[in-house]
Structures are given as structure tokens and as C-alpha cells.
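Written out below as C-alpha cells is the structure these notes cover.
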Amino acid sequence: MITLLYILGGIAVAGVGTLLLIFSLGQRSVSYQLTLRLLDAAGRPLSPQPIVVWDRSAGPRPHQPDAAGNLVLELSESFGSSALGPLRPGVFPVRLAFPALSPLYYSFEVQRSGPVPAYQIFNDYYTYGAGQWVGDSDARGFTRRHTPSTANGTVARAVLPRGGQVPRWQATATLRRTGNTPDGRRRYTLALTLQQSGTELVRAA
């Protein structure tokens, strides 16, 4: 009987350990090659101009596209995961600024191939939360300039854009899995085309 109890106890401990291993959260990362293409409203390539890639921890990193106006970068993205997945991030964030066109900062979140829905716009790259959030927009105009009400009735409203004008983009992505890196991480290619779709003037209410 005592031997049986030891065996059952060992099985239970092993089972709990296995469940903890499966459901414990860790970090994964994927590698991807970003190819960025900028077009004017008529579909012609924009003249080569500086492009800033940014995030709140590493800050802004300026880059210069090639003679054809294309920018190719090697990037990686980390995300929470467990033994059961997910195996890739829910979105591939592409955070850009176009200093020759606007002082604003844009964040495009790519989930899959096809048109990219509304993107976020900010006045700076370092303010967390909605403190410098200008709004969410798509190719036709703003889709959101205030957040849904929280349980206590709090609503975050967008601020006025620096410069007063917001250049709009029509964003289209092609996202493909291309195998693994030598260290075992998943590898993808992400082609993002941004076509100008007008400028919106935002005034105080």
C-alpha cells in the first residue's frame, strides 16, 4: 500500500510539473526581413527620403532608402509564449516616421497579408499610453480619436497633431513564413507598401 501511494504521489507530482511547464509563460522571438515601399497618391515611387524606424525602448533609428525608394531591414520581434504556443507574434509592428513629410510617428500592426486596417499615430515616440496619441486612422480618415469608456467611466481623448496636419496612408502587407534561422527561430518576410492618400487637417474642437 505504501509503495502504491509513493507511485501515485510521484505520478501526481510529475503531472503537476508537466502542466506547469506547458502553461508557464516565457519569451520567444522571430526574425523577419522588412521591405518598405513608399508610393505617392498616383502609385509612383516617392523620391528617396529619410525614414525613421522607432520604438519606445530603443528610440528612433534613421535610415535612407535605396535609389528606387525601397528600404530593406533585418528585424526581430519578441513575444510571450508557452510550450503550447503561440509560435509567432499576434502582430508584426512596423513603427515609422517620415521627417521630410511630417513630424508625426506612425505604428502599423501587420497580422496577415492584405490591407492593413487602421494604424496608430503619435506626436512622439517616447510617451506611453494615450498622452501623445493623435488617433487611429486609415486611408480615408480617422477611425478613432477616443478610447472606449472604462469601468469607472474614464475616456482617453486624442490630442491635436503636431503641425495640425495628418498625412494619411493606404497600407498593404505581404507576410510569409520562410523557414527557420540557424538558431532555430522562425523566419518571415514582410513587404509593406504605403501609398499616400491625402492629408487631414485637425483643428481644436
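Going by the C-alpha cells order, chains are called A, B, ..., each with residues numbered from 1, while ligands are numbered from 1 in the order shown.
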For Asn123 (chain A): contacts at 8 Å, only C-alpha atoms, fewer than 6 positions along chain excluded, given as number ranges by chain = A: 103-105, 132-134, 161-162
Generate a file of the selected residues that holds C-alpha atoms, formatted as a PDB file, in the first residue's frame.
ATOM      1  CA  PRO A 103       6.708  65.368 -37.508  1.00  0.00           C
ATOM      2  CA  LEU A 104       4.305  62.532 -36.553  1.00  0.00           C
ATOM      3  CA  TYR A 105       5.059  58.908 -35.623  1.00  0.00           C
ATOM      4  CA  GLN A 132       0.550  61.921 -27.123  1.00  0.00           C
ATOM      5  CA  TRP A 133      -1.847  59.725 -29.086  1.00  0.00           C
ATOM      6  CA  VAL A 134      -3.267  61.627 -32.092  1.00  0.00           C
ATOM      7  CA  PRO A 161      -1.369  66.522 -34.018  1.00  0.00           C
ATOM      8  CA  ARG A 162       1.900  68.400 -34.034  1.00  0.00           C
TER       9      ARG A 162
END
Picked from chain A by DSSP as alpha helix (DSSP H), as a ChimeraX atom specification = /A:2-23
Might you pull out every residue within 12 Å of Ala68 (chain A), with only C-alpha atoms counted and same-chain residues fewer than 5 positions away left off, and present them as a list in words?
-> Leu36, Arg37, Leu38, Leu39, Arg44, Pro45, Leu46, Ser47, Pro48 and Gln49 of chain A
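Checking A:Ala67, A:Leu34, A:Val52, A:Ala156 one by one against Leu175 (chain A), counting only C-alpha atoms, you find the shortest gap at A:Leu34.
Distances here use only C-alpha atoms; by that measure, the residue among A:Arg28, A:Arg95, A:Arg203, A:Arg144 closest to Asp124 (chain A) is A:Arg95.
Minimum atom-to-atom distances from A:Val110, A:Leu192, A:Leu73, A:Ala97 to Asp55 (chain A) were compared using only C-alpha atoms, and the lowest value belongs to A:Ala97.
From CA of Glu109 (chain A) back to CA of Arg187 (chain A), the distance works out to 17.6 Å.
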Residue neighbourhood region 56-62 of chain A, 6 Å, only C-alpha atoms, exclusion window fewer than 2 positions, as an mmCIF file with all heavy atoms, in the first residue's frame:
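Dumped to result06.cif:
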data_model
loop_
_atom_site.group_PDB
_atom_site.id
_atom_site.type_symbol
_atom_site.label_atom_id
_atom_site.label_comp_id
_atom_site.auth_asym_id
_atom_site.auth_seq_id
_atom_site.Cartn_x
_atom_site.Cartn_y
_atom_site.Cartn_z
ATOM 1 N N ILE A 51 13.831 57.803 -43.598
ATOM 2 C CA ILE A 51 12.747 57.104 -42.915
ATOM 3 C C ILE A 51 13.258 56.722 -41.528
ATOM 4 O O ILE A 51 14.369 56.195 -41.394
ATOM 5 C CB ILE A 51 12.293 55.854 -43.685
ATOM 6 C CG1 ILE A 51 11.710 56.260 -45.050
ATOM 7 C CG2 ILE A 51 11.267 55.058 -42.882
ATOM 8 C CD1 ILE A 51 11.376 55.077 -45.923
ATOM 9 N N VAL A 52 12.461 56.985 -40.515
ATOM 10 C CA VAL A 52 12.843 56.675 -39.138
ATOM 11 C C VAL A 52 12.064 55.449 -38.669
ATOM 12 O O VAL A 52 10.839 55.399 -38.795
ATOM 13 C CB VAL A 52 12.561 57.868 -38.205
ATOM 14 C CG1 VAL A 52 12.745 57.470 -36.745
ATOM 15 C CG2 VAL A 52 13.468 59.045 -38.558
ATOM 16 N N VAL A 53 12.783 54.453 -38.175
ATOM 17 C CA VAL A 53 12.177 53.295 -37.515
ATOM 18 C C VAL A 53 12.333 53.528 -36.017
ATOM 19 O O VAL A 53 13.420 53.864 -35.541
ATOM 20 C CB VAL A 53 12.871 51.992 -37.938
ATOM 21 C CG1 VAL A 53 12.273 50.794 -37.193
ATOM 22 C CG2 VAL A 53 12.752 51.792 -39.450
ATOM 23 N N TRP A 54 11.246 53.363 -35.252
ATOM 24 C CA TRP A 54 11.306 53.725 -33.840
ATOM 25 C C TRP A 54 10.631 52.684 -32.956
ATOM 26 O O TRP A 54 9.793 51.911 -33.406
ATOM 27 C CB TRP A 54 10.610 55.081 -33.613
ATOM 28 C CG TRP A 54 9.138 55.109 -33.943
ATOM 29 C CD1 TRP A 54 8.573 55.352 -35.156
ATOM 30 C CD2 TRP A 54 8.059 54.866 -33.037
ATOM 31 N NE1 TRP A 54 7.201 55.284 -35.074
ATOM 32 C CE2 TRP A 54 6.860 54.990 -33.791
ATOM 33 C CE3 TRP A 54 7.978 54.569 -31.677
ATOM 34 C CZ2 TRP A 54 5.589 54.813 -33.219
ATOM 35 C CZ3 TRP A 54 6.713 54.386 -31.102
ATOM 36 C CH2 TRP A 54 5.540 54.521 -31.883
ATOM 37 N N TYR A 125 7.678 59.527 -29.862
ATOM 38 C CA TYR A 125 7.925 58.084 -29.809
ATOM 39 C C TYR A 125 8.127 57.576 -28.388
ATOM 40 O O TYR A 125 8.271 56.376 -28.181
ATOM 41 C CB TYR A 125 9.170 57.731 -30.641
ATOM 42 C CG TYR A 125 10.451 58.318 -30.103
ATOM 43 C CD1 TYR A 125 11.171 57.666 -29.111
ATOM 44 C CD2 TYR A 125 10.928 59.530 -30.564
ATOM 45 C CE1 TYR A 125 12.336 58.217 -28.596
ATOM 46 C CE2 TYR A 125 12.091 60.085 -30.062
ATOM 47 C CZ TYR A 125 12.790 59.432 -29.084
ATOM 48 O OH TYR A 125 13.939 59.972 -28.573
ATOM 49 N N TYR A 126 8.156 58.454 -27.393
ATOM 50 C CA TYR A 126 8.570 58.036 -26.054
ATOM 51 C C TYR A 126 7.475 58.112 -25.006
ATOM 52 O O TYR A 126 7.643 57.616 -23.902
ATOM 53 C CB TYR A 126 9.771 58.868 -25.593
ATOM 54 C CG TYR A 126 9.611 60.362 -25.770
ATOM 55 C CD1 TYR A 126 8.908 61.133 -24.864
ATOM 56 C CD2 TYR A 126 10.174 60.999 -26.876
ATOM 57 C CE1 TYR A 126 8.762 62.499 -25.032
ATOM 58 C CE2 TYR A 126 10.036 62.362 -27.062
ATOM 59 C CZ TYR A 126 9.324 63.110 -26.140
ATOM 60 O OH TYR A 126 9.178 64.450 -26.331
#
Arg176 (chain A) proximity check over A:Leu101, A:Ser137, A:Val159, A:Gln33, using only C-alpha atoms: winner is A:Gln33
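One distance worth recording is that between CA of His146 (chain A) and CA of Thr174 (chain A), which is 29.8 Å.
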Write out as a ChimeraX atom specification which residues come within 9 Å of region 178-184 of chain A when counting only C-alpha atoms, dropping same-chain ones fewer than 6 positions away.
-> /A:30-32
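Residues surrounding Gly198 (chain A) within 9 Å are A:Ala41, A:Ala139, A:Arg140, A:Gly141, A:Val166, A:Pro167, A:Arg168, A:Trp169 [only C-alpha atoms; sequence separation below 3 positions excluded].
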Just-selected residues, C-alpha atoms written as a PDB file, in the first residue's frame:
ATOM      1  CA  ALA A  41      -1.201  59.091 -54.453  1.00  0.00           C
ATOM      2  CA  ALA A 139      -6.635  55.653 -45.865  1.00  0.00           C
ATOM      3  CA  ARG A 140      -9.922  57.579 -45.641  1.00  0.00           C
ATOM      4  CA  GLY A 141      -9.501  59.351 -42.300  1.00  0.00           C
ATOM      5  CA  VAL A 166      -2.005  64.342 -40.601  1.00  0.00           C
ATOM      6  CA  PRO A 167      -0.727  62.676 -43.794  1.00  0.00           C
ATOM      7  CA  ARG A 168      -2.747  59.525 -44.471  1.00  0.00           C
ATOM      8  CA  TRP A 169      -1.520  56.232 -45.908  1.00  0.00           C
TER       9      TRP A 169
END
If you measure from CA of Gly90 (chain A) to CA of Arg112 (chain A), what distance in Å do you get, rounded to one decimal?
-> 9.4 Å
